$ cat start16.cif   # mmCIF, C-alpha atoms and all ligand atoms
data_structure
#
loop_
_atom_site.label_atom_id
_atom_site.label_comp_id
_atom_site.auth_asym_id
_atom_site.auth_seq_id
_atom_site.Cartn_x
_atom_site.Cartn_y
_atom_site.Cartn_z
CA MET Q 219 27.84 93.36 14.32
CA ASN Q 220 25.95 90.17 14.98
CA ALA Q 221 23.94 90.64 18.17
CA ARG Q 222 23.47 86.98 18.91
CA GLY Q 223 26.14 85.06 20.76
CA ARG Q 224 27.43 81.79 19.37
CA PHE Q 225 28.76 78.76 21.12
CA ILE Q 226 31.66 76.81 19.60
CA SER Q 227 33.25 73.77 21.22
CA MET Q 228 36.55 72.14 20.30
CA GLU Q 229 36.85 68.38 20.69
CA GLY Q 230 39.26 65.60 19.87
CA PRO Q 231 41.61 63.03 21.35
CA GLU Q 232 44.63 63.86 23.52
CA GLY Q 233 47.12 66.12 21.78
CA SER Q 234 44.87 66.84 18.81
CA GLY Q 235 45.39 70.60 19.21
CA LYS Q 236 42.19 71.70 20.97
CA THR Q 237 43.81 74.20 23.33
CA THR Q 238 45.97 75.61 20.54
CA GLN Q 239 43.02 76.09 18.17
CA CYS Q 240 40.71 77.48 20.86
CA ALA Q 241 43.24 80.20 21.59
CA ARG Q 242 43.67 81.01 17.90
CA LEU Q 243 39.94 81.08 17.22
CA ALA Q 244 39.38 83.32 20.24
CA ARG Q 245 42.06 85.69 18.93
CA ARG Q 246 40.42 85.85 15.51
CA LEU Q 247 37.00 86.53 16.99
CA LEU Q 248 38.38 89.29 19.19
CA ALA Q 249 40.08 90.83 16.18
CA ALA Q 250 36.69 90.75 14.43
CA GLY Q 251 35.26 92.83 17.28
CA ARG Q 252 33.37 90.11 19.12
CA GLU Q 253 33.20 89.70 22.87
CA VAL Q 254 34.76 86.31 23.53
CA VAL Q 255 34.47 84.08 26.57
CA ALA Q 256 37.11 81.35 26.36
CA LEU Q 257 36.54 78.39 28.65
CA ARG Q 258 37.96 74.99 29.33
CA GLU Q 259 36.21 71.88 30.53
CA PRO Q 260 36.24 70.71 33.19
CA GLY Q 261 36.93 74.08 34.77
CA GLY Q 262 36.03 77.61 33.79
CA THR Q 263 34.73 78.50 37.27
CA PRO Q 264 36.33 78.12 40.72
CA LEU Q 265 34.10 75.12 41.42
CA GLY Q 266 34.89 73.68 38.01
CA GLU Q 267 38.64 74.09 38.54
CA ALA Q 268 38.33 72.30 41.88
CA ILE Q 269 36.49 69.46 40.16
CA ARG Q 270 39.15 69.44 37.43
CA SER Q 271 41.87 68.81 39.97
CA LEU Q 272 39.81 66.03 41.56
CA LEU Q 273 39.50 64.42 38.15
CA GLN Q 274 43.11 64.72 37.10
CA HIS Q 275 44.96 63.59 40.17
CA ASP Q 276 44.25 60.43 42.01
CA ALA Q 277 46.71 61.03 44.80
CA ALA Q 278 45.23 58.26 46.94
CA GLY Q 279 45.72 55.79 44.09
CA GLU Q 280 42.04 54.91 44.33
CA ARG Q 281 40.41 53.93 41.04
CA MET Q 282 37.42 56.13 40.46
CA ALA Q 283 34.18 54.39 39.52
CA PRO Q 284 33.33 55.34 35.90
CA GLU Q 285 29.92 56.58 37.05
CA ALA Q 286 31.53 58.81 39.69
CA GLU Q 287 33.89 60.17 37.08
CA THR Q 288 31.01 60.85 34.69
CA LEU Q 289 29.01 62.68 37.35
CA LEU Q 290 31.97 64.84 38.40
CA PHE Q 291 32.39 65.98 34.80
CA LEU Q 292 28.69 66.67 34.61
CA ALA Q 293 28.69 68.59 37.89
CA SER Q 294 31.35 70.88 36.46
CA ARG Q 295 29.46 71.22 33.17
CA ALA Q 296 26.10 71.93 34.80
CA HIS Q 297 27.65 74.71 36.87
CA LEU Q 298 29.57 76.19 33.92
CA SER Q 299 26.53 76.08 31.65
CA GLY Q 300 24.29 77.91 34.10
CA GLN Q 301 26.79 80.33 35.59
CA VAL Q 302 28.85 81.28 32.55
CA VAL Q 303 27.78 79.93 29.16
CA ARG Q 304 24.09 80.87 29.16
CA PRO Q 305 24.60 84.40 30.56
CA ALA Q 306 27.42 85.01 28.04
CA LEU Q 307 25.28 83.89 25.09
CA GLU Q 308 22.36 85.95 26.34
CA ARG Q 309 24.40 89.13 26.29
CA GLY Q 310 25.66 88.35 22.78
CA ALA Q 311 29.16 87.08 23.61
CA TRP Q 312 30.86 84.26 21.72
CA VAL Q 313 31.75 81.28 23.83
CA VAL Q 314 34.71 79.15 22.79
CA CYS Q 315 34.93 76.01 24.89
CA ASP Q 316 37.91 73.64 25.05
CA ARG Q 317 35.88 70.39 25.32
CA PHE Q 318 32.14 70.19 26.13
CA PHE Q 319 29.61 67.40 26.32
CA ASP Q 320 30.92 65.27 23.49
CA SER Q 321 34.03 64.62 25.61
CA THR Q 322 31.96 62.84 28.24
CA ILE Q 323 30.25 60.66 25.67
CA ALA Q 324 33.58 59.81 24.01
CA TYR Q 325 35.61 59.23 27.20
CA GLN Q 326 33.16 57.91 29.77
CA GLY Q 327 30.77 56.32 27.26
CA PHE Q 328 32.89 54.86 24.46
CA GLY Q 329 36.21 54.91 26.37
CA ARG Q 330 35.20 53.63 29.83
CA GLY Q 331 32.24 51.58 28.64
CA CYS Q 332 29.38 53.38 30.39
CA ASP Q 333 26.15 52.99 28.44
CA VAL Q 334 26.36 55.64 25.72
CA GLU Q 335 22.65 56.44 25.55
CA GLU Q 336 22.52 56.80 29.31
CA VAL Q 337 25.53 59.14 29.30
CA ILE Q 338 23.79 61.22 26.62
CA ARG Q 339 20.68 61.44 28.81
CA VAL Q 340 22.47 62.56 31.97
CA ASN Q 341 24.50 64.98 29.89
CA GLU Q 342 21.24 66.51 28.67
CA PHE Q 343 20.08 66.82 32.27
CA ALA Q 344 23.31 68.64 33.16
CA VAL Q 345 23.18 71.21 30.36
CA GLY Q 346 19.39 71.59 30.13
CA GLY Q 347 19.27 71.67 26.35
CA LEU Q 348 22.29 73.92 25.82
CA ARG Q 349 24.04 72.95 22.56
CA PRO Q 350 27.10 74.24 20.80
CA ASP Q 351 26.20 75.91 17.50
CA LEU Q 352 29.30 74.28 16.08
CA THR Q 353 31.66 71.60 17.37
CA VAL Q 354 35.05 71.30 15.71
CA LEU Q 355 36.36 67.75 16.00
CA LEU Q 356 40.11 67.63 15.53
CA ASP Q 357 40.71 64.05 14.53
CA ILE Q 358 44.18 62.60 14.96
CA ASP Q 359 45.86 59.23 15.11
CA VAL Q 360 46.29 58.28 18.78
CA ALA Q 361 50.05 57.76 18.54
CA ALA Q 362 50.56 61.07 16.74
CA GLY Q 363 48.60 62.91 19.43
CA PHE Q 364 50.72 61.31 22.15
CA ASP Q 365 53.94 62.27 20.36
CA ARG Q 366 52.81 65.87 20.54
CA LEU Q 367 51.99 65.57 24.23
CA ALA Q 368 55.42 64.13 24.93
CA GLY Q 369 56.92 67.30 23.43
CA ARG Q 370 54.58 69.55 25.38
CA ASN Q 371 55.05 67.75 28.70
CA ALA Q 372 58.84 67.75 28.27
CA SER Q 373 58.98 71.48 27.61
CA ALA Q 374 56.52 72.25 30.44
CA GLY Q 375 58.21 69.82 32.83
CA THR Q 376 54.89 68.07 33.57
CA GLY Q 377 54.00 64.39 33.67
CA ASN Q 378 51.06 62.55 32.16
CA ASP Q 379 47.66 63.07 33.77
CA ARG Q 380 45.26 60.28 34.70
CA PHE Q 381 43.70 60.14 31.22
CA GLU Q 382 46.98 60.37 29.36
CA ARG Q 383 48.14 57.28 31.30
CA GLU Q 384 45.24 55.15 30.02
CA ASP Q 385 46.16 52.38 27.59
CA ARG Q 386 46.16 52.67 23.84
CA GLY Q 387 42.86 50.74 23.51
CA PHE Q 388 41.06 53.29 25.66
CA HIS Q 389 42.22 56.15 23.45
CA GLU Q 390 41.37 54.25 20.28
CA ARG Q 391 37.81 53.79 21.59
CA VAL Q 392 37.64 57.51 22.41
CA ARG Q 393 38.75 58.44 18.91
CA ALA Q 394 36.32 56.01 17.27
CA GLY Q 395 33.57 57.25 19.59
CA TYR Q 396 34.12 60.84 18.51
CA LEU Q 397 33.89 59.81 14.86
CA GLU Q 398 30.65 57.98 15.59
CA LEU Q 399 29.22 61.11 17.24
CA ALA Q 400 30.19 63.12 14.16
CA ARG Q 401 28.17 60.69 12.04
CA ARG Q 402 25.25 60.90 14.46
CA TRP Q 403 25.16 64.72 14.58
CA PRO Q 404 26.66 65.82 11.26
CA GLU Q 405 24.82 69.14 11.32
CA ARG Q 406 26.69 70.19 14.46
CA ILE Q 407 29.99 68.30 14.51
CA TRP Q 408 32.55 69.16 11.86
CA THR Q 409 35.48 66.75 11.65
CA ILE Q 410 38.82 68.02 10.41
CA ASP Q 411 42.18 66.35 10.05
CA GLY Q 412 44.05 67.51 13.14
CA SER Q 413 47.38 66.14 11.94
CA ARG Q 414 47.89 69.16 9.68
CA ASN Q 415 49.94 72.14 10.80
CA ALA Q 416 48.44 74.58 13.26
CA ASP Q 417 48.40 77.55 10.86
CA ALA Q 418 46.48 75.64 8.19
CA LEU Q 419 43.97 74.39 10.79
CA GLU Q 420 43.52 77.89 12.15
CA ARG Q 421 42.77 79.21 8.65
CA ASP Q 422 40.27 76.46 7.87
CA ILE Q 423 38.47 76.78 11.18
CA TRP Q 424 38.26 80.51 10.80
CA SER Q 425 36.93 80.38 7.26
CA ARG Q 426 34.22 77.89 8.31
CA VAL Q 427 33.22 79.97 11.35
CA ALA Q 428 33.25 83.26 9.42
CA HIS Q 429 31.21 81.75 6.59
CA GLU Q 430 28.72 79.85 8.75
CA PHE Q 431 28.02 82.72 11.11
CA GLY Q 432 28.33 85.58 8.67
CA ILE Q 433 31.34 87.41 10.11
N1 LIG F 1 48.67 71.32 14.34
C1 LIG F 1 49.71 71.05 15.14
N2 LIG F 1 50.83 70.49 14.64
C2 LIG F 1 51.87 70.18 15.46
N3 LIG F 1 51.90 70.40 16.78
C3 LIG F 1 50.80 70.96 17.33
C4 LIG F 1 49.65 71.31 16.55
N4 LIG F 1 48.70 71.82 17.37
C5 LIG F 1 49.23 71.79 18.61
N5 LIG F 1 50.49 71.29 18.60
C6 LIG F 1 51.39 71.05 19.74
O1 LIG F 1 51.01 69.78 20.27
C7 LIG F 1 50.91 69.84 21.68
C8 LIG F 1 49.47 69.54 22.09
O2 LIG F 1 48.62 70.61 21.62
P1 LIG F 1 47.39 71.10 22.49
O3 LIG F 1 47.81 71.28 23.90
O4 LIG F 1 46.79 72.25 21.78
O5 LIG F 1 46.45 69.82 22.32
P2 LIG F 1 45.16 69.43 23.17
O6 LIG F 1 44.25 68.75 22.22
O7 LIG F 1 44.64 70.63 23.87
O8 LIG F 1 45.76 68.40 24.21
P3 LIG F 1 45.04 67.80 25.54
O9 LIG F 1 44.16 66.70 25.03
O10 LIG F 1 46.17 67.30 26.37
O11 LIG F 1 44.28 68.94 26.17
C9 LIG F 1 51.39 71.22 22.10
O12 LIG F 1 52.76 71.13 22.40
C10 LIG F 1 51.16 72.06 20.85
O13 LIG F 1 52.06 73.13 20.77
MG MG F 2 44.23 70.93 25.92
#

$ encode --input "start16.cif" --output "structure tokens"
Amino acid sequence: MNARGRFISMEGPEGSGKTTQCARLARRLLAAGREVVALREPGGTPLGEAIRSLLQHDAAGERMAPEAETLLFLASRAHLSGQVVRPALERGAWVVCDRFFDSTIAYQGFGRGCDVEEVIRVNEFAVGGLRPDLTVLLDIDVAAGFDRLAGRNASAGTGNDRFEREDRGFHERVRAGYLELARRWPERIWTIDGSRNADALERDIWSRVAHEFGI
């Protein structure tokens, strides 16, 4: 049994399969006898969930300043990192996080147009040097991701959230931004084709994780 905890984040555009693959990876790790802490961002703590609902619903119809949006995400992340992620890793647990700091760079930096280097710097301030050991980037064509969401929202009876309602150009910038981050940090970010079926993706992700971390 590996004593050291590992931190894996799942990233990608809307509908790329992050939540699906996080759940499957967590199941595989549990079956391999690891303690697993599965988190989602923003969220994962009561404060984080409160921030999540602030970010997803703009009931007053007020457009949020991109900087305010960025800082709300970072407030949630700073709290989650200190309260949950670090303690879990210190006791040897595996942390599987549905989105982490690359999301803010892709959405608020590349998507909204905040200065990317500045977003990276405030992100660093929020997490204090905490880094995923591995980030799985599920890359998918924007339209294909939205087709999946339409199916999910129809079966769950939910509407589109504030980000899902953004225009196509925004989501194309997010996708391109993610791919740029993968080129910038190739040792951490592993890009896979998220358009494949969920079972094949689960197998590939598991074989990479098992091989890289010696499970
Ligand atoms: N590989 C896949 N092939 C086809 N459909 C998939 C695949 N993975 C997930 N789905 C379906 O697509 C929808 C979106 O998947 P999921 O919720 O996992 O994506 P997500 O990346 O977490 O989305 P969001 O960006 O909204 O959080 C769900 O209905 C899910 O069942
Ligand atoms: Mg999701």

$ closest_residue --input "start16.cif" --among "Q:Arg391, Q:Arg304, Q:Arg224, Q:Arg246" --to "Gly331 in chain Q" --atoms "only C-alpha atoms"
Q:Arg391

$ residues_near_ligand --input "start16.cif" --ligand "ligand LIG 1 (chain F)" --cutoff "8 Å" --atoms "all atoms listed in the file" --output "mmCIF file with C-alpha atoms, in the coordinates of the input"
data_model
loop_
_atom_site.group_PDB
_atom_site.id
_atom_site.type_symbol
_atom_site.label_atom_id
_atom_site.label_comp_id
_atom_site.auth_asym_id
_atom_site.auth_seq_id
_atom_site.Cartn_x
_atom_site.Cartn_y
_atom_site.Cartn_z
ATOM 1 C CA GLU Q 229 36.850 68.380 20.690
ATOM 2 C CA GLY Q 230 39.260 65.600 19.870
ATOM 3 C CA PRO Q 231 41.610 63.030 21.350
ATOM 4 C CA GLU Q 232 44.630 63.860 23.520
ATOM 5 C CA GLY Q 233 47.120 66.120 21.780
ATOM 6 C CA SER Q 234 44.870 66.840 18.810
ATOM 7 C CA GLY Q 235 45.390 70.600 19.210
ATOM 8 C CA LYS Q 236 42.190 71.700 20.970
ATOM 9 C CA THR Q 237 43.810 74.200 23.330
ATOM 10 C CA THR Q 238 45.970 75.610 20.540
ATOM 11 C CA GLN Q 239 43.020 76.090 18.170
ATOM 12 C CA ASP Q 316 37.910 73.640 25.050
ATOM 13 C CA LEU Q 356 40.110 67.630 15.530
ATOM 14 C CA GLY Q 363 48.600 62.910 19.430
ATOM 15 C CA ARG Q 366 52.810 65.870 20.540
ATOM 16 C CA LEU Q 367 51.990 65.570 24.230
ATOM 17 C CA ALA Q 368 55.420 64.130 24.930
ATOM 18 C CA GLY Q 369 56.920 67.300 23.430
ATOM 19 C CA ARG Q 370 54.580 69.550 25.380
ATOM 20 C CA ASN Q 371 55.050 67.750 28.700
ATOM 21 C CA GLU Q 382 46.980 60.370 29.360
ATOM 22 C CA GLY Q 412 44.050 67.510 13.140
ATOM 23 C CA SER Q 413 47.380 66.140 11.940
ATOM 24 C CA ARG Q 414 47.890 69.160 9.680
ATOM 25 C CA ASN Q 415 49.940 72.140 10.800
ATOM 26 C CA ALA Q 416 48.440 74.580 13.260
ATOM 27 C CA ASP Q 417 48.400 77.550 10.860
ATOM 28 C CA ALA Q 418 46.480 75.640 8.190
ATOM 29 C CA LEU Q 419 43.970 74.390 10.790
#

$ closest_residue --input "start16.cif" --among "Q:Gly395, Q:Pro260, Q:Gly346, Q:Gly432" --to "Gly329 in chain Q" --atoms "all atoms listed in the file"
Q:Gly395

$ residues_around --input "start16.cif" --residues "Val354 in chain Q" --least-positions-apart "3" --cutoff "10 Å" --atoms "only C-alpha atoms" --output "ChimeraX atom specification"
/Q:226-230,236,239-240,317,350,357,400,406-410,423,426-427

$ closest_residue --input "start16.cif" --among "Q:Gly261, Q:Gly375, Q:Gly279, Q:Gly266" --to "ligand MG 2 (chain F)" --atoms "all atoms listed in the file"
Q:Gly261

$ closest_residue --input "start16.cif" --among "Q:Leu290, Q:Phe328, Q:Ala306, Q:Gln301" --to "Glu398 in chain Q" --atoms "only C-alpha atoms"
Q:Phe328

$ closest_residue --input "start16.cif" --among "Q:Ala296, Q:Ala286, Q:Val392, Q:Val314" --to "Leu243 in chain Q" --atoms "only C-alpha atoms"
Q:Val314

$ closest_residue --input "start16.cif" --among "Q:Arg421, Q:Arg258, Q:Arg295, Q:His429" --to "ligand MG 2 (chain F)" --atoms "all atoms listed in the file"
Q:Arg258

$ atom_distance --input "start16.cif" --atom1 "CA of Val345 in chain Q" --atom2 "CA of Gly300 in chain Q"
7.8 Å

$ atom_distance --input "start16.cif" --atom1 "CA of Arg281 in chain Q" --atom2 "CA of Ala361 in chain Q"
24.8 Å

$ residues_around --input "start16.cif" --residues "Gly262 in chain Q" --least-positions-apart "5" --cutoff "10 Å" --atoms "only C-alpha atoms" --output "list in words"
Val255, Ala256, Leu257, Glu267, Ala268, Arg270, Ser294, Arg295, His297, Leu298, Ser299, Gln301, Val302, Val303, Cys315 and Asp316 of chain Q

$ residues_around --input "start16.cif" --residues "Asp333 in chain Q" --least-positions-apart "6" --cutoff "10 Å" --atoms "all atoms listed in the file" --output "list in words"
Ile323, Gln326 and Gly327 of chain Q

$ write_last_selection --input "start16.cif" --atoms "C-alpha atoms" --output "compact mmCIF listing (two decimals), in the frame of the given file"
# COMPACT_ATOMS: atom_id res chain seq x y z
CA ILE Q 323 30.25 60.66 25.67
CA GLN Q 326 33.16 57.91 29.77
CA GLY Q 327 30.77 56.32 27.26

$ atom_distance --input "start16.cif" --atom1 "CA of Gly377 in chain Q" --atom2 "CA of Glu420 in chain Q"
27.5 Å

$ decode --input "start16.cif" --residues "range 326-367 of chain Q" --atoms "N, CA and C atoms" --output "PDB file, in the first residue's frame"
ATOM      1  N   GLN Q 326     -11.983  31.947 -16.667  1.00  0.00           N
ATOM      2  CA  GLN Q 326     -11.905  33.378 -16.370  1.00  0.00           C
ATOM      3  C   GLN Q 326     -10.752  34.039 -17.135  1.00  0.00           C
ATOM      4  N   GLY Q 327      -9.678  33.295 -17.372  1.00  0.00           N
ATOM      5  CA  GLY Q 327      -8.566  33.835 -18.148  1.00  0.00           C
ATOM      6  C   GLY Q 327      -8.905  33.801 -19.645  1.00  0.00           C
ATOM      7  N   PHE Q 328      -8.776  32.631 -20.252  1.00  0.00           N
ATOM      8  CA  PHE Q 328      -9.000  32.531 -21.700  1.00  0.00           C
ATOM      9  C   PHE Q 328     -10.445  32.842 -22.092  1.00  0.00           C
ATOM     10  N   GLY Q 329     -11.415  32.359 -21.315  1.00  0.00           N
ATOM     11  CA  GLY Q 329     -12.826  32.535 -21.687  1.00  0.00           C
ATOM     12  C   GLY Q 329     -13.297  33.970 -21.512  1.00  0.00           C
ATOM     13  N   ARG Q 330     -13.142  34.514 -20.302  1.00  0.00           N
ATOM     14  CA  ARG Q 330     -13.656  35.862 -20.006  1.00  0.00           C
ATOM     15  C   ARG Q 330     -12.696  36.965 -20.427  1.00  0.00           C
ATOM     16  N   GLY Q 331     -11.430  36.619 -20.620  1.00  0.00           N
ATOM     17  CA  GLY Q 331     -10.475  37.632 -21.060  1.00  0.00           C
ATOM     18  C   GLY Q 331      -9.714  38.321 -19.939  1.00  0.00           C
ATOM     19  N   CYS Q 332      -9.779  37.779 -18.714  1.00  0.00           N
ATOM     20  CA  CYS Q 332      -8.888  38.314 -17.668  1.00  0.00           C
ATOM     21  C   CYS Q 332      -7.453  37.956 -18.061  1.00  0.00           C
ATOM     22  N   ASP Q 333      -6.506  38.767 -17.620  1.00  0.00           N
ATOM     23  CA  ASP Q 333      -5.106  38.508 -17.968  1.00  0.00           C
ATOM     24  C   ASP Q 333      -4.674  37.132 -17.428  1.00  0.00           C
ATOM     25  N   VAL Q 334      -4.238  36.275 -18.326  1.00  0.00           N
ATOM     26  CA  VAL Q 334      -3.969  34.882 -17.961  1.00  0.00           C
ATOM     27  C   VAL Q 334      -2.855  34.759 -16.911  1.00  0.00           C
ATOM     28  N   GLU Q 335      -1.780  35.537 -17.106  1.00  0.00           N
ATOM     29  CA  GLU Q 335      -0.673  35.422 -16.148  1.00  0.00           C
ATOM     30  C   GLU Q 335      -1.091  35.906 -14.760  1.00  0.00           C
ATOM     31  N   GLU Q 336      -1.950  36.924 -14.753  1.00  0.00           N
ATOM     32  CA  GLU Q 336      -2.436  37.442 -13.477  1.00  0.00           C
ATOM     33  C   GLU Q 336      -3.345  36.414 -12.789  1.00  0.00           C
ATOM     34  N   VAL Q 337      -4.186  35.764 -13.575  1.00  0.00           N
ATOM     35  CA  VAL Q 337      -5.061  34.725 -13.009  1.00  0.00           C
ATOM     36  C   VAL Q 337      -4.207  33.590 -12.432  1.00  0.00           C
ATOM     37  N   ILE Q 338      -3.132  33.246 -13.137  1.00  0.00           N
ATOM     38  CA  ILE Q 338      -2.250  32.188 -12.635  1.00  0.00           C
ATOM     39  C   ILE Q 338      -1.642  32.613 -11.289  1.00  0.00           C
ATOM     40  N   ARG Q 339      -1.251  33.884 -11.201  1.00  0.00           N
ATOM     41  CA  ARG Q 339      -0.634  34.356  -9.948  1.00  0.00           C
ATOM     42  C   ARG Q 339      -1.614  34.349  -8.771  1.00  0.00           C
ATOM     43  N   VAL Q 340      -2.834  34.825  -8.995  1.00  0.00           N
ATOM     44  CA  VAL Q 340      -3.777  34.829  -7.856  1.00  0.00           C
ATOM     45  C   VAL Q 340      -4.209  33.412  -7.498  1.00  0.00           C
ATOM     46  N   ASN Q 341      -4.261  32.568  -8.507  1.00  0.00           N
ATOM     47  CA  ASN Q 341      -4.528  31.148  -8.271  1.00  0.00           C
ATOM     48  C   ASN Q 341      -3.470  30.555  -7.330  1.00  0.00           C
ATOM     49  N   GLU Q 342      -2.211  30.875  -7.613  1.00  0.00           N
ATOM     50  CA  GLU Q 342      -1.105  30.378  -6.788  1.00  0.00           C
ATOM     51  C   GLU Q 342      -1.263  30.856  -5.350  1.00  0.00           C
ATOM     52  N   PHE Q 343      -1.660  32.125  -5.221  1.00  0.00           N
ATOM     53  CA  PHE Q 343      -1.889  32.679  -3.878  1.00  0.00           C
ATOM     54  C   PHE Q 343      -2.969  31.867  -3.171  1.00  0.00           C
ATOM     55  N   ALA Q 344      -4.037  31.528  -3.896  1.00  0.00           N
ATOM     56  CA  ALA Q 344      -5.157  30.808  -3.274  1.00  0.00           C
ATOM     57  C   ALA Q 344      -4.753  29.413  -2.809  1.00  0.00           C
ATOM     58  N   VAL Q 345      -3.971  28.707  -3.593  1.00  0.00           N
ATOM     59  CA  VAL Q 345      -3.682  27.305  -3.241  1.00  0.00           C
ATOM     60  C   VAL Q 345      -2.350  27.142  -2.512  1.00  0.00           C
ATOM     61  N   GLY Q 346      -1.544  28.219  -2.459  1.00  0.00           N
ATOM     62  CA  GLY Q 346      -0.285  28.144  -1.726  1.00  0.00           C
ATOM     63  C   GLY Q 346       0.626  27.021  -2.186  1.00  0.00           C
ATOM     64  N   GLY Q 347       0.751  26.855  -3.484  1.00  0.00           N
ATOM     65  CA  GLY Q 347       1.701  25.872  -4.010  1.00  0.00           C
ATOM     66  C   GLY Q 347       1.150  24.465  -4.171  1.00  0.00           C
ATOM     67  N   LEU Q 348      -0.101  24.250  -3.755  1.00  0.00           N
ATOM     68  CA  LEU Q 348      -0.691  22.914  -3.930  1.00  0.00           C
ATOM     69  C   LEU Q 348      -0.893  22.639  -5.423  1.00  0.00           C
ATOM     70  N   ARG Q 349      -0.476  21.451  -5.880  1.00  0.00           N
ATOM     71  CA  ARG Q 349      -0.570  21.100  -7.302  1.00  0.00           C
ATOM     72  C   ARG Q 349      -1.131  19.694  -7.442  1.00  0.00           C
ATOM     73  N   PRO Q 350      -2.007  19.488  -8.398  1.00  0.00           N
ATOM     74  CA  PRO Q 350      -2.372  18.096  -8.662  1.00  0.00           C
ATOM     75  C   PRO Q 350      -1.133  17.318  -9.133  1.00  0.00           C
ATOM     76  N   ASP Q 351      -1.040  16.052  -8.741  1.00  0.00           N
ATOM     77  CA  ASP Q 351       0.033  15.205  -9.270  1.00  0.00           C
ATOM     78  C   ASP Q 351      -0.251  14.884 -10.730  1.00  0.00           C
ATOM     79  N   LEU Q 352      -1.527  14.805 -11.052  1.00  0.00           N
ATOM     80  CA  LEU Q 352      -1.935  14.522 -12.429  1.00  0.00           C
ATOM     81  C   LEU Q 352      -3.252  15.232 -12.705  1.00  0.00           C
ATOM     82  N   THR Q 353      -3.333  15.862 -13.874  1.00  0.00           N
ATOM     83  CA  THR Q 353      -4.589  16.475 -14.316  1.00  0.00           C
ATOM     84  C   THR Q 353      -4.993  15.791 -15.612  1.00  0.00           C
ATOM     85  N   VAL Q 354      -6.191  15.217 -15.610  1.00  0.00           N
ATOM     86  CA  VAL Q 354      -6.704  14.575 -16.818  1.00  0.00           C
ATOM     87  C   VAL Q 354      -7.571  15.601 -17.537  1.00  0.00           C
ATOM     88  N   LEU Q 355      -7.166  15.963 -18.749  1.00  0.00           N
ATOM     89  CA  LEU Q 355      -7.940  16.913 -19.544  1.00  0.00           C
ATOM     90  C   LEU Q 355      -8.750  16.146 -20.580  1.00  0.00           C
ATOM     91  N   LEU Q 356     -10.064  16.143 -20.365  1.00  0.00           N
ATOM     92  CA  LEU Q 356     -10.969  15.476 -21.306  1.00  0.00           C
ATOM     93  C   LEU Q 356     -11.315  16.503 -22.381  1.00  0.00           C
ATOM     94  N   ASP Q 357     -10.727  16.331 -23.540  1.00  0.00           N
ATOM     95  CA  ASP Q 357     -10.951  17.306 -24.601  1.00  0.00           C
ATOM     96  C   ASP Q 357     -12.132  16.864 -25.460  1.00  0.00           C
ATOM     97  N   ILE Q 358     -13.014  17.804 -25.747  1.00  0.00           N
ATOM     98  CA  ILE Q 358     -14.158  17.467 -26.602  1.00  0.00           C
ATOM     99  C   ILE Q 358     -14.583  18.691 -27.404  1.00  0.00           C
ATOM    100  N   ASP Q 359     -15.071  18.428 -28.589  1.00  0.00           N
ATOM    101  CA  ASP Q 359     -15.651  19.465 -29.432  1.00  0.00           C
ATOM    102  C   ASP Q 359     -16.801  20.129 -28.665  1.00  0.00           C
ATOM    103  N   VAL Q 360     -16.850  21.464 -28.723  1.00  0.00           N
ATOM    104  CA  VAL Q 360     -17.834  22.207 -27.919  1.00  0.00           C
ATOM    105  C   VAL Q 360     -19.266  21.744 -28.202  1.00  0.00           C
ATOM    106  N   ALA Q 361     -19.595  21.589 -29.475  1.00  0.00           N
ATOM    107  CA  ALA Q 361     -20.973  21.196 -29.818  1.00  0.00           C
ATOM    108  C   ALA Q 361     -21.292  19.797 -29.283  1.00  0.00           C
ATOM    109  N   ALA Q 362     -20.317  18.902 -29.365  1.00  0.00           N
ATOM    110  CA  ALA Q 362     -20.555  17.529 -28.884  1.00  0.00           C
ATOM    111  C   ALA Q 362     -20.786  17.530 -27.376  1.00  0.00           C
ATOM    112  N   GLY Q 363     -20.033  18.346 -26.658  1.00  0.00           N
ATOM    113  CA  GLY Q 363     -20.218  18.436 -25.208  1.00  0.00           C
ATOM    114  C   GLY Q 363     -21.608  18.959 -24.870  1.00  0.00           C
ATOM    115  N   PHE Q 364     -22.057  19.954 -25.635  1.00  0.00           N
ATOM    116  CA  PHE Q 364     -23.390  20.524 -25.373  1.00  0.00           C
ATOM    117  C   PHE Q 364     -24.502  19.551 -25.717  1.00  0.00           C
ATOM    118  N   ASP Q 365     -24.291  18.708 -26.730  1.00  0.00           N
ATOM    119  CA  ASP Q 365     -25.306  17.684 -27.037  1.00  0.00           C
ATOM    120  C   ASP Q 365     -25.468  16.753 -25.843  1.00  0.00           C
ATOM    121  N   ARG Q 366     -24.357  16.403 -25.225  1.00  0.00           N
ATOM    122  CA  ARG Q 366     -24.454  15.536 -24.049  1.00  0.00           C
ATOM    123  C   ARG Q 366     -25.205  16.224 -22.915  1.00  0.00           C
ATOM    124  N   LEU Q 367     -24.903  17.506 -22.711  1.00  0.00           N
ATOM    125  CA  LEU Q 367     -25.574  18.224 -21.620  1.00  0.00           C
ATOM    126  C   LEU Q 367     -27.069  18.323 -21.856  1.00  0.00           C
TER     127      LEU Q 367
END
